Amino acid sequence: MAIFSKKTETAQVDYNHLPRHIAIIMDGNGRWAKKRGLPRTAGHAVGAETFRTIATFCKELGVEYLTVYAFSTENWKRSQDEVGAIMKLLKKYLFEAIDTMEKDKIKMEFFGDLSRLSPELRELCESTREISKRYDGFQANICLNYGGRDEIIKGMQKWQADCAAGLVNPEDLTEASFSQYLFSKDVPDPDLIIRPSGEVRTSNFLLWQSAYSEFYFTDVLWPDFSKEDLLEAIASYQKRSRRFGGV
Ligand code: IPE
Ligand code: IPE
Ligand code: MG
């Protein structure tokens, strides 16, 4: 099977067997803008709208969890202007999300080290989290200052602190118990991970959780990613045989 998608007219999706958890590396915003002679930030702004559309669509379809990579631990390497513009967009998006949460009933969680964010953005994340506690349906996880390696190291540090405090025993450590030290605790592993933009790598996304995820790559740039593209990815996922090491 080719790892890149082939466009068909309408995706053949079995709506009764949807992936429970979809994760997306929202990539290609900069190239989308460049193609149009626009500043990279214009791509990020349209990309934020794409997230809104795809999150709402996932909820309508009955997908239970959507996890998106919005800003990585490596993205601080970009120019101050670009990082500043992304943070400003995040603030705008979260303000609007808080406003409409009552109506949308989308539960939001954040994966990543929020301590490096501005106090204002951190507070917005915390308020969004608090409001989300009222809902128990569809959950969107936004990965902010997230790195898969960083998540494992931070989890290890918390586990070690618990060991030192006598709360846990080193010999009791299992894959399941360690999962509870990750940002993704209580969230099942992603069934399907989608990367638009033509890059074929994980870029430090959900390293622990993706052990048995199905991957789907497409050349479509994230700001152009449509509901139909999501259905194509789901249709491709549904053709796979997931063996988890069995036969
Ligand atoms: C993804 O799009 C958004 C972030 C990493 C914040 P990019 O900004 O990486 O877009 P490209 O890959 O340069 O096109
Ligand atoms: C991954 O995209 C991070 C996000 C989409 C937030 P990047 O654009 O940062 O990844 P690389 O540099 O192409 O690996
Ligand atoms: Mg990129």
# chains A, B, ... in the order shown; residues from 1 in each chain; ligands from 1
>>> residues_near_ligand(ligand="ligand 1", cutoff="7 Å", atoms="only C-alpha atoms and all ligand atoms", output="JSON, numbers by chain")
{"A": [26, 27, 28, 29, 30, 31, 32, 40, 44, 70, 71, 72, 75, 86, 197]}
>>> residues_near_ligand(ligand="ligand 2", cutoff="10 Å", atoms="only C-alpha atoms and all ligand atoms", output="count of residues only")
37
>>> closest_residue(among="A:Thr53, A:Ser79, A:Ser184, A:Thr100", to="Gly112 (chain A)", atoms="only C-alpha atoms")
A:Ser184
>>> closest_residue(among="A:Leu167, A:Leu192, A:Ala235, A:Met101", to="Ile131 (chain A)", atoms="only C-alpha atoms")
A:Met101
>>> select_by_dssp(residues="region 15-211 of chain A", states="alpha helix (DSSP H)", output="number ranges by chain")
A: 29-35, 40-61, 80-104, 119-132, 148-164, 175-179
>>> residues_around(residues="region 168-174 of chain A", least_positions_apart="5", cutoff="8 Å", atoms="only C-alpha atoms", output="PyMOL selection string")
chain A and resi 159+162-163
>>> write_last_selection(atoms="all heavy atoms", output="compact mmCIF listing (two decimals), in the first residue's frame")
# COMPACT_ATOMS: atom_id res chain seq x y z
N TRP A 159 7.84 10.47 38.20
CA TRP A 159 7.81 9.11 38.76
C TRP A 159 8.91 8.96 39.82
O TRP A 159 8.67 8.41 40.90
CB TRP A 159 8.01 8.10 37.62
CG TRP A 159 8.10 6.69 38.10
CD1 TRP A 159 7.07 5.89 38.51
CD2 TRP A 159 9.30 5.90 38.26
NE1 TRP A 159 7.55 4.66 38.89
CE2 TRP A 159 8.92 4.65 38.75
CE3 TRP A 159 10.64 6.15 38.01
CZ2 TRP A 159 9.83 3.63 39.00
CZ3 TRP A 159 11.56 5.14 38.27
CH2 TRP A 159 11.15 3.90 38.75
N ASP A 162 7.89 10.57 42.97
CA ASP A 162 6.93 9.73 43.69
C ASP A 162 7.64 8.55 44.38
O ASP A 162 7.26 8.15 45.47
CB ASP A 162 5.85 9.20 42.74
CG ASP A 162 4.76 10.24 42.50
OD1 ASP A 162 4.85 11.33 43.09
OD2 ASP A 162 3.82 9.95 41.72
N CYS A 163 8.67 8.03 43.73
CA CYS A 163 9.46 6.94 44.33
C CYS A 163 10.13 7.45 45.60
O CYS A 163 10.07 6.82 46.66
CB CYS A 163 10.56 6.46 43.38
SG CYS A 163 9.97 5.43 42.06
>>> select_by_dssp(residues="region 61-238 of chain A", states="strand (DSSP E)", output="VMD selection string")
chain A and resid 65 to 72 107 to 111 139 to 146 192 to 195 214 to 217
>>> residues_around(residues="Lys133 (chain A)", least_positions_apart="5", cutoff="10 Å", atoms="only C-alpha atoms", output="mmCIF file with N, CA and C atoms, in the first residue's frame")
data_model
loop_
_atom_site.group_PDB
_atom_site.id
_atom_site.type_symbol
_atom_site.label_atom_id
_atom_site.label_comp_id
_atom_site.auth_asym_id
_atom_site.auth_seq_id
_atom_site.Cartn_x
_atom_site.Cartn_y
_atom_site.Cartn_z
ATOM 1 N N LYS A 107 -14.594 19.436 24.996
ATOM 2 C CA LYS A 107 -13.694 19.391 26.149
ATOM 3 C C LYS A 107 -12.274 19.600 25.621
ATOM 4 N N MET A 108 -11.520 20.518 26.232
ATOM 5 C CA MET A 108 -10.152 20.762 25.743
ATOM 6 C C MET A 108 -9.122 20.475 26.819
ATOM 7 N N GLU A 109 -8.042 19.835 26.390
ATOM 8 C CA GLU A 109 -6.938 19.516 27.281
ATOM 9 C C GLU A 109 -5.668 20.010 26.584
ATOM 10 N N THR A 128 -9.596 27.192 30.318
ATOM 11 C CA THR A 128 -10.227 26.301 29.344
ATOM 12 C C THR A 128 -10.354 24.898 29.933
#
>>> residues_around(residues="Lys59 (chain A)", least_positions_apart="4", cutoff="9 Å", atoms="only C-alpha atoms", output="PyMOL selection string")
chain A and resi 54-55+63-66+106+137-139
>>> write_last_selection(atoms="N, CA, C and O atoms", output="PDB file, in the first residue's frame")
ATOM      1  N   ILE A  54     -12.118  21.020  11.480  1.00  0.00           N
ATOM      2  CA  ILE A  54     -11.856  19.574  11.611  1.00  0.00           C
ATOM      3  C   ILE A  54     -12.266  19.075  12.994  1.00  0.00           C
ATOM      4  O   ILE A  54     -12.815  17.971  13.127  1.00  0.00           O
ATOM      5  N   ALA A  55     -12.059  19.888  14.026  1.00  0.00           N
ATOM      6  CA  ALA A  55     -12.462  19.470  15.384  1.00  0.00           C
ATOM      7  C   ALA A  55     -13.984  19.305  15.444  1.00  0.00           C
ATOM      8  O   ALA A  55     -14.495  18.298  15.953  1.00  0.00           O
ATOM      9  N   VAL A  63     -16.065  10.721  16.595  1.00  0.00           N
ATOM     10  CA  VAL A  63     -14.701  10.401  17.044  1.00  0.00           C
ATOM     11  C   VAL A  63     -14.615  10.894  18.496  1.00  0.00           C
ATOM     12  O   VAL A  63     -15.163  11.940  18.822  1.00  0.00           O
ATOM     13  N   GLU A  64     -13.960  10.136  19.369  1.00  0.00           N
ATOM     14  CA  GLU A  64     -13.967  10.530  20.788  1.00  0.00           C
ATOM     15  C   GLU A  64     -12.860  11.513  21.170  1.00  0.00           C
ATOM     16  O   GLU A  64     -13.047  12.382  22.010  1.00  0.00           O
ATOM     17  N   TYR A  65     -11.678  11.333  20.549  1.00  0.00           N
ATOM     18  CA  TYR A  65     -10.530  12.189  20.883  1.00  0.00           C
ATOM     19  C   TYR A  65      -9.841  12.680  19.619  1.00  0.00           C
ATOM     20  O   TYR A  65      -9.639  11.902  18.679  1.00  0.00           O
ATOM     21  N   LEU A  66      -9.471  13.960  19.645  1.00  0.00           N
ATOM     22  CA  LEU A  66      -8.648  14.524  18.572  1.00  0.00           C
ATOM     23  C   LEU A  66      -7.451  15.197  19.244  1.00  0.00           C
ATOM     24  O   LEU A  66      -7.635  16.047  20.123  1.00  0.00           O
ATOM     25  N   ILE A 106     -17.166  21.187  23.625  1.00  0.00           N
ATOM     26  CA  ILE A 106     -15.914  20.497  23.293  1.00  0.00           C
ATOM     27  C   ILE A 106     -15.003  20.589  24.518  1.00  0.00           C
ATOM     28  O   ILE A 106     -14.740  21.675  25.028  1.00  0.00           O
ATOM     29  N   GLY A 137     -17.941  14.654  26.823  1.00  0.00           N
ATOM     30  CA  GLY A 137     -18.043  14.062  25.477  1.00  0.00           C
ATOM     31  C   GLY A 137     -16.726  14.155  24.727  1.00  0.00           C
ATOM     32  O   GLY A 137     -15.658  13.875  25.273  1.00  0.00           O
ATOM     33  N   PHE A 138     -16.814  14.586  23.486  1.00  0.00           N
ATOM     34  CA  PHE A 138     -15.650  14.744  22.611  1.00  0.00           C
ATOM     35  C   PHE A 138     -14.539  15.570  23.268  1.00  0.00           C
ATOM     36  O   PHE A 138     -14.804  16.621  23.848  1.00  0.00           O
ATOM     37  N   GLN A 139     -13.307  15.105  23.147  1.00  0.00           N
ATOM     38  CA  GLN A 139     -12.175  15.814  23.758  1.00  0.00           C
ATOM     39  C   GLN A 139     -11.103  16.168  22.732  1.00  0.00           C
ATOM     40  O   GLN A 139     -10.632  15.305  21.998  1.00  0.00           O
TER      41      GLN A 139
END
>>> atom_distance(atom1="CA of Pro223 (chain A)", atom2="CA of Asp136 (chain A)")
28.8 Å
>>> closest_residue(among="A:Val13, A:Phe57, A:Gly47, A:Leu206", to="ligand 3", atoms="only C-alpha atoms and all ligand atoms")
A:Gly47
>>> atom_distance(atom1="CA of Phe110 (chain A)", atom2="CA of Leu61 (chain A)")
22.2 Å
>>> residues_around(residues="Tyr216 (chain A)", least_positions_apart="6", cutoff="7 Å", atoms="only C-alpha atoms", output="mmCIF file with N, CA and C atoms, in the first residue's frame")
data_model
loop_
_atom_site.group_PDB
_atom_site.id
_atom_site.type_symbol
_atom_site.label_atom_id
_atom_site.label_comp_id
_atom_site.auth_asym_id
_atom_site.auth_seq_id
_atom_site.Cartn_x
_atom_site.Cartn_y
_atom_site.Cartn_z
ATOM 1 N N ILE A 3 2.197 4.853 0.888
ATOM 2 C CA ILE A 3 1.980 5.577 2.136
ATOM 3 C C ILE A 3 1.325 6.921 1.876
ATOM 4 N N ILE A 193 -2.753 8.486 13.043
ATOM 5 C CA ILE A 193 -1.997 9.749 13.080
ATOM 6 C C ILE A 193 -1.848 10.266 11.650
ATOM 7 N N ILE A 194 -2.301 11.485 11.443
ATOM 8 C CA ILE A 194 -2.294 12.081 10.100
ATOM 9 C C ILE A 194 -1.227 13.167 10.039
ATOM 10 N N ARG A 195 -0.403 13.130 8.976
ATOM 11 C CA ARG A 195 0.502 14.255 8.758
ATOM 12 C C ARG A 195 0.310 14.812 7.363
ATOM 13 N N ALA A 233 -8.507 9.856 4.906
ATOM 14 C CA ALA A 233 -7.576 9.285 5.881
ATOM 15 C C ALA A 233 -8.265 8.164 6.664
#
>>> closest_residue(among="A:Glu60, A:Glu96, A:Glu214, A:Glu123", to="Arg243 (chain A)", atoms="only C-alpha atoms")
A:Glu214
>>> atom_distance(atom1="CA of Ile22 (chain A)", atom2="CA of Arg36 (chain A)")
29.4 Å
>>> residues_around(residues="Glu151 (chain A)", least_positions_apart="4", cutoff="7 Å", atoms="only C-alpha atoms", output="PyMOL selection string")
chain A and resi 147+155+182-183
